[in-house]
Amino acid sequence: MAEVALHQVVKKFGDVEAVRSIDLDIPDNEFVVLVGPSGCGKSTTLRMIAGLEEVTSGNISIGGEVVNDLPPKDRDIAMVFQNYALYPHMTAFENMSFGLKLRKFSKAEIRQRVEHAARILDITELLDRRPKALSGGQRQRVAMGRAIVRNPKVFLFDEPLSNLDAKLRVQMRTEIKRVHQKVKTTTVYVTHDQVEAMTLADRVVVMNNGRIEQIGTPHELYHNPRTRFVAGFIGSPAMNFIPCQLEQNGSGLRVRISDSIAFPVPAARDERYRPVAGKELTLGLRPEHITEPRHNGRGDGCDFTATLDVVEPMGMETMVYFTVNSTGICGRVEPKSAGDAGAAMRLHANIDHMHLIDPTTGAVI
Amino acid sequence: MTTTTMTIPASRTARRSASLRRDRRWALITSYVFLVIFAIFFLVPPYYMVVTALKSDAEVAHMATNPWIIANGVTLDQFKILLTQTDFLTYFKNTAIVTTCVVAITMVVSVLAAFSLGRMRFWGSSILATGIFLTYLVPDTLLFIPLFQIVKAVGLLNSYWGMVLVYPTLTVPFCTWIMIGYFQSIPKELDEAALIDGAGHMQMLLKIFIPVALPGIIAATIFAFTVSWAAFVYPMAFLYSSDQQVLTVGTVTSLIRADVYKWGMLMAGALVAAAPPLVIYAFLMDYYIAGLTAGATKG
């Protein structure tokens, strides 16, 4: 077990800069998830930690030792791949013990470690099977077993659940969390699925365009995003971004999103927003903060009427879509209070959870 | 209205499926006709070999008998004389030694070459890979002239060890090419997993790549075996004494004297010579086909 540190790490493929000077400190035992859209540099970062890609500049250290020039086998890491990468001609037992055999462990030690890992992952009865005879989920467990038996300093996961169907993905997600709670090894996990990131991580690193946009706990990223990108990437359905103007409203402020709809800014944010008063900004509001009027929040001035374009019943809740000044907005309402498509519905904006974003820089104010 | 619109497409569908069935039937009939023609075309020579090899010299020489059937009873005399009174067994032994060595050399060289060219990206690797394939395109009927100088220079003229040196020029390029394709079809994550597990490049090749690529390796082995067993131009050019000769040239030169053809023994010799490749094909056919088609299906 060890901490992992990246300092000003850059990776270039020819003229293309895939990773642009990132700094990241991962303490011992922490579960960190790198998340971002395709091509954001998250997998490249993971592969540099693994030693599968060379670092163009900067330093990567594991357990305090700079590992830039160490081959993967000497970094004491274990990796789980998206397509499992199990050796097809070996049984599950042989797959899991391959690394230990190469490191010249005794037969007794190998058997004991493999059986221990198999018990953790509940695959004891599958040890004699070849990968071809295993289902996707079972293969992924064997791949995790291969990582666990090594008892490495760091676990690396490269989109390990992407090849599984939706139901199995949820199940394996819980499994990975359970395994981490048992073995408590520093873990770096790469995914493009923000739900996976939120549910698994102690801390989430959101990457975009080869840069780190924000590092924080899932709670911090969800409630206090620093940029429009993070605000839009974390959370499903995504946050609504509505062009607005910040106006003076007596002694306070208000955000106007159309001629007829304006919301009073909470007094606590007055000081923060006053310097940008009068500017064209973007209002960020999550769908769950646009509901039917519930009379438990700030009622006055935050209710408005909208004509619904689309209504999507989800069972537990209903998503309602409407348009304000040609901007599509999504709200989340109680199923029984949802109106029909084409009908007008009274809605409430829980403005306490609003974000104001500078449209030129993309920074949350 | 509804009924009308329902009926017309239904009848059209029925007509289309009937026409599809008819098309398929004609395609099958045509295929069978051509396959039968081809089968007959290729099976006639072996049949003729068997029939002639099992006849006595007298019957072969008797012009009045039908050459396609055995009229005067089956005899194994041709085989007995071939194996006891000619150098056929020496040729067989020489061919077996040459082929075993050539197959071994070819597989070691081409597996190592294919692994490095197919999996270890280095400067010029793709140009080298194409270059290797281009050498295969130069026919042996041209190559034997410069190779004669080389074989002579290393003192292996009229020695079957010279064949061990020159046959790989025919086998290595093609086998390397087959193996490059096969190794490239193995997912990249497999070598990365092995690297992380602690394997070096040689361990990765021996413990992961060779077992996984076994069908491809068997296909390449069969190819090398067949080429080496059946080579004709090089032994014709480089070997001239009987004790060094191989099957292909030896059988022909010792059993055809001037204009005297010992047809019965020639056919018996050809049959015995064809037996080893036949046995190997029969046992490894499935692997051979799997090996040759691997690239096509794995994408």
# chains A, B, ... in the order shown; residues from 1 in each chain; ligands from 1
$ closest_atom_pairs --of "chain A" --to "chain B" --cutoff "9 Å" --atoms "only C-alpha atoms" --output "CSV"
residue,atom,partner,partner_atom,distance
A:Ala50,CA,B:Ile196,CA,7.7
A:Gly51,CA,B:Ile196,CA,8.5
A:Leu52,CA,B:Glu192,CA,7.1
A:Pro71,CA,B:Leu195,CA,8.3
A:Pro72,CA,B:Ile196,CA,5.2
A:Lys73,CA,B:Gly198,CA,4.4
A:Asp74,CA,B:Gly198,CA,7.6
A:Arg75,CA,B:Ile196,CA,8.5
A:Asp76,CA,B:Ile196,CA,8.3
A:Ile77,CA,B:Ile196,CA,7.2
A:Ala78,CA,B:Ile196,CA,6.5
A:Met79,CA,B:Ala193,CA,7.3
A:Val80,CA,B:Ala193,CA,8.2
A:Phe81,CA,B:Glu189,CA,7.2
A:Gln82,CA,B:Glu189,CA,8.9
A:Asn83,CA,B:Glu189,CA,7.8
A:Tyr84,CA,B:Glu189,CA,8.2
A:Ala85,CA,B:Leu190,CA,5.0
A:Leu86,CA,B:Leu190,CA,7.0
A:Tyr87,CA,B:Leu190,CA,6.9
A:Pro88,CA,B:Val212,CA,7.0
A:His89,CA,B:Val212,CA,6.3
A:Phe98,CA,B:Asp197,CA,7.1
A:Gly99,CA,B:Asp197,CA,4.3
A:Leu100,CA,B:Asp197,CA,7.8
A:Leu102,CA,B:Gly198,CA,6.3
A:Arg103,CA,B:Gly198,CA,7.1
A:Arg146,CA,B:Asp197,CA,8.8
A:Ala147,CA,B:Asp197,CA,8.8
A:Arg150,CA,B:Asp197,CA,8.5
$ write_last_selection --atoms "C-alpha atoms" --output "PDB file, in the first residue's frame"
ATOM      1  CA  ALA A  50       1.024   1.654 -14.792  1.00  0.00           C
ATOM      2  CA  GLY A  51       4.166   2.204 -16.861  1.00  0.00           C
ATOM      3  CA  LEU A  52       2.464   1.224 -20.117  1.00  0.00           C
ATOM      4  CA  PRO A  71       9.092  -0.995 -16.047  1.00  0.00           C
ATOM      5  CA  PRO A  72       5.514  -1.991 -15.089  1.00  0.00           C
ATOM      6  CA  LYS A  73       6.615  -5.176 -13.316  1.00  0.00           C
ATOM      7  CA  ASP A  74       8.839  -3.244 -10.906  1.00  0.00           C
ATOM      8  CA  ARG A  75       6.175  -0.709  -9.928  1.00  0.00           C
ATOM      9  CA  ASP A  76       4.255  -3.182  -7.766  1.00  0.00           C
ATOM     10  CA  ILE A  77       0.914  -2.338  -9.293  1.00  0.00           C
ATOM     11  CA  ALA A  78      -1.927  -4.522 -10.565  1.00  0.00           C
ATOM     12  CA  MET A  79      -4.305  -3.553 -13.335  1.00  0.00           C
ATOM     13  CA  VAL A  80      -7.783  -4.651 -14.372  1.00  0.00           C
ATOM     14  CA  PHE A  81      -8.584  -4.042 -18.041  1.00  0.00           C
ATOM     15  CA  GLN A  82     -11.833  -3.185 -19.794  1.00  0.00           C
ATOM     16  CA  ASN A  83     -11.810  -6.405 -21.845  1.00  0.00           C
ATOM     17  CA  TYR A  84     -10.525  -8.470 -18.860  1.00  0.00           C
ATOM     18  CA  ALA A  85      -7.310  -9.488 -20.728  1.00  0.00           C
ATOM     19  CA  LEU A  86      -7.429 -13.007 -19.283  1.00  0.00           C
ATOM     20  CA  TYR A  87      -5.035 -15.511 -20.834  1.00  0.00           C
ATOM     21  CA  PRO A  88      -7.425 -17.684 -22.871  1.00  0.00           C
ATOM     22  CA  HIS A  89      -5.368 -20.899 -22.634  1.00  0.00           C
ATOM     23  CA  PHE A  98       0.613 -16.385 -13.366  1.00  0.00           C
ATOM     24  CA  GLY A  99       2.104 -13.232 -11.830  1.00  0.00           C
ATOM     25  CA  LEU A 100       3.008 -15.044  -8.605  1.00  0.00           C
ATOM     26  CA  LEU A 102       6.804 -15.379 -12.461  1.00  0.00           C
ATOM     27  CA  ARG A 103       7.806 -13.836  -9.146  1.00  0.00           C
ATOM     28  CA  ARG A 146      -5.499 -11.706 -10.607  1.00  0.00           C
ATOM     29  CA  ALA A 147      -4.927  -8.199  -9.243  1.00  0.00           C
ATOM     30  CA  ARG A 150      -0.472  -9.928  -6.049  1.00  0.00           C
TER      31      ARG A 150
END
$ select_by_dssp --residues "segment 95-294 of chain B" --states "strand (DSSP E)" --output "PyMOL selection string"
chain B and resi 256-257+260-261
$ write_last_selection --atoms "C-alpha atoms" --output "mmCIF file, in the first residue's frame"
data_model
loop_
_atom_site.group_PDB
_atom_site.id
_atom_site.type_symbol
_atom_site.label_atom_id
_atom_site.label_comp_id
_atom_site.auth_asym_id
_atom_site.auth_seq_id
_atom_site.Cartn_x
_atom_site.Cartn_y
_atom_site.Cartn_z
ATOM 1 C CA ILE B 256 13.716 -42.547 -65.528
ATOM 2 C CA ARG B 257 16.748 -43.669 -67.433
ATOM 3 C CA VAL B 260 12.959 -45.814 -70.185
ATOM 4 C CA TYR B 261 10.235 -44.938 -67.667
#
$ atom_distance --atom1 "atom CA of Asp309 of chain A" --atom2 "atom CA of Asp340 of chain A"
8.7 Å
$ atom_distance --atom1 "atom CA of Lys182 of chain A" --atom2 "atom CA of Ala5 of chain A"
23.4 Å
$ residues_around --residues "Val60 of chain B" --least-positions-apart "2" --cutoff "12 Å" --atoms "only C-alpha atoms" --output "number ranges by chain"
B: 48-49, 51-58, 62-72, 75, 78, 261-267
$ residues_around --residues "segment 21-35 of chain A" --least-positions-apart "3" --cutoff "8 Å" --atoms "only C-alpha atoms" --output "PyMOL selection string"
chain A and resi 1-10+42+58+180+184-194+197+200-207+211-212
$ write_last_selection --atoms "N, CA and C atoms" --output "short mmCIF file (atom, residue, chain, number, x, y, z; two decimals), in the first residue's frame"
data_model
loop_
_atom_site.label_atom_id
_atom_site.label_comp_id
_atom_site.auth_asym_id
_atom_site.auth_seq_id
_atom_site.Cartn_x
_atom_site.Cartn_y
_atom_site.Cartn_z
N MET A 1 0.84 -1.21 0.00
CA MET A 1 0.00 0.00 0.00
C MET A 1 0.88 1.25 0.00
N ALA A 2 0.43 2.25 -0.76
CA ALA A 2 1.28 3.43 -0.88
C ALA A 2 0.50 4.59 -1.46
N GLU A 3 1.07 5.78 -1.29
CA GLU A 3 0.43 6.92 -1.92
C GLU A 3 0.98 7.08 -3.34
N VAL A 4 0.17 7.71 -4.19
CA VAL A 4 0.59 7.94 -5.57
C VAL A 4 0.59 9.44 -5.80
N ALA A 5 1.63 9.95 -6.43
CA ALA A 5 1.68 11.39 -6.69
C ALA A 5 2.08 11.66 -8.13
N LEU A 6 1.35 12.57 -8.76
CA LEU A 6 1.69 13.01 -10.11
C LEU A 6 2.02 14.49 -10.04
N HIS A 7 3.20 14.86 -10.55
CA HIS A 7 3.58 16.27 -10.51
C HIS A 7 3.90 16.77 -11.91
N GLN A 8 3.09 17.71 -12.36
CA GLN A 8 3.26 18.35 -13.67
C GLN A 8 3.50 17.33 -14.78
N VAL A 9 2.66 16.31 -14.78
CA VAL A 9 2.82 15.22 -15.75
C VAL A 9 2.24 15.63 -17.11
N VAL A 10 3.05 15.46 -18.14
CA VAL A 10 2.64 15.80 -19.50
C VAL A 10 2.83 14.56 -20.37
N LYS A 42 -7.82 10.56 -19.43
CA LYS A 42 -7.88 9.79 -18.17
C LYS A 42 -7.21 8.42 -18.29
N GLY A 58 7.58 15.66 -16.35
CA GLY A 58 6.94 15.57 -15.04
C GLY A 58 7.34 14.28 -14.33
N HIS A 180 -12.71 -3.24 -2.12
CA HIS A 180 -11.82 -2.17 -1.66
C HIS A 180 -11.94 -1.98 -0.15
N LYS A 184 -8.42 -2.65 1.17
CA LYS A 184 -7.92 -1.29 1.46
C LYS A 184 -6.60 -0.97 0.78
N THR A 185 -6.57 -1.13 -0.53
CA THR A 185 -5.37 -0.76 -1.28
C THR A 185 -5.66 0.53 -2.05
N THR A 186 -4.65 1.37 -2.17
CA THR A 186 -4.80 2.60 -2.95
C THR A 186 -5.30 2.22 -4.35
N THR A 187 -6.36 2.88 -4.81
CA THR A 187 -6.97 2.48 -6.08
C THR A 187 -7.17 3.68 -6.99
N VAL A 188 -6.76 3.52 -8.25
CA VAL A 188 -7.07 4.55 -9.26
C VAL A 188 -7.97 3.88 -10.29
N TYR A 189 -9.13 4.48 -10.50
CA TYR A 189 -10.17 3.86 -11.31
C TYR A 189 -10.56 4.83 -12.41
N VAL A 190 -10.55 4.35 -13.65
CA VAL A 190 -10.90 5.24 -14.77
C VAL A 190 -12.27 4.85 -15.32
N THR A 191 -13.11 5.83 -15.54
CA THR A 191 -14.41 5.55 -16.14
C THR A 191 -14.92 6.80 -16.86
N HIS A 192 -15.85 6.59 -17.81
CA HIS A 192 -16.49 7.77 -18.40
C HIS A 192 -17.90 7.93 -17.84
N ASP A 193 -18.25 6.98 -16.94
CA ASP A 193 -19.60 6.96 -16.39
C ASP A 193 -19.61 7.71 -15.05
N GLN A 194 -20.27 8.86 -15.02
CA GLN A 194 -20.22 9.67 -13.80
C GLN A 194 -20.94 9.01 -12.62
N ALA A 197 -18.41 6.90 -11.03
CA ALA A 197 -17.46 7.76 -10.32
C ALA A 197 -18.04 8.19 -8.98
N LEU A 200 -18.46 5.10 -6.41
CA LEU A 200 -17.29 4.35 -5.95
C LEU A 200 -16.28 5.21 -5.20
N ALA A 201 -16.15 6.47 -5.61
CA ALA A 201 -14.95 7.21 -5.24
C ALA A 201 -14.97 7.79 -3.83
N ASP A 202 -13.77 7.81 -3.22
CA ASP A 202 -13.58 8.69 -2.06
C ASP A 202 -13.43 10.11 -2.60
N ARG A 203 -12.63 10.21 -3.67
CA ARG A 203 -12.49 11.50 -4.36
C ARG A 203 -12.58 11.27 -5.86
N VAL A 204 -13.19 12.22 -6.54
CA VAL A 204 -13.35 12.13 -7.99
C VAL A 204 -12.46 13.19 -8.64
N VAL A 205 -11.77 12.79 -9.71
CA VAL A 205 -10.98 13.74 -10.47
C VAL A 205 -11.67 13.89 -11.83
N VAL A 206 -12.22 15.07 -12.09
CA VAL A 206 -12.90 15.28 -13.38
C VAL A 206 -11.88 15.83 -14.37
N MET A 207 -11.71 15.14 -15.49
CA MET A 207 -10.73 15.58 -16.49
C MET A 207 -11.43 16.01 -17.77
N ARG A 211 -6.72 18.12 -19.09
CA ARG A 211 -6.49 18.87 -17.85
C ARG A 211 -7.44 18.39 -16.77
N ILE A 212 -7.04 18.63 -15.51
CA ILE A 212 -7.94 18.33 -14.41
C ILE A 212 -8.86 19.54 -14.21
#
$ closest_residue --among "B:Met204, B:Ala275, B:Ala113, B:Leu143" --to "Ala230 of chain B" --atoms "only C-alpha atoms"
B:Ala275
$ atom_distance --atom1 "atom CA of Ile257 of chain A" --atom2 "atom CA of Glu312 of chain A"
24.0 Å
$ select_by_dssp --residues "segment 60-289 of chain B" --states "helix (DSSP H, G or I)" --output "PyMOL selection string"
chain B and resi 60-61+77-85+88-119+125-136+140-153+160-166+168-184+188-197+201-212+214-230+233-238+242-244+247-255+263-289
$ residues_around --residues "Gly131 of chain B" --least-positions-apart "4" --cutoff "12 Å" --atoms "only C-alpha atoms" --output "MDAnalysis selection string"
chainID B and resid 117 124:127 135:138 173:174 176:177
$ residues_around --residues "segment 314-325 of chain A" --least-positions-apart "4" --cutoff "8 Å" --atoms "only C-alpha atoms" --output "list in words"
Ile257, Ser258, Ala306, Thr307, Leu308, Asp309, Val310, Ile329, Cys330, Gly331, Arg332, Val333, Glu334, Pro335 and Ala338 of chain A
$ closest_residue --among "A:Gly39, A:Pro152, A:Pro293, A:Gly250" --to "Ser337 of chain A" --atoms "only C-alpha atoms"
A:Pro293
$ closest_residue --among "A:Asn350, A:Arg111, A:Val311, A:Ile290" --to "Pro266 of chain A" --atoms "only C-alpha atoms"
A:Asn350
$ closest_residue --among "B:Ala274, B:Val102, B:Val108, B:Met179" --to "Leu165 of chain B" --atoms "only C-alpha atoms"
B:Val102
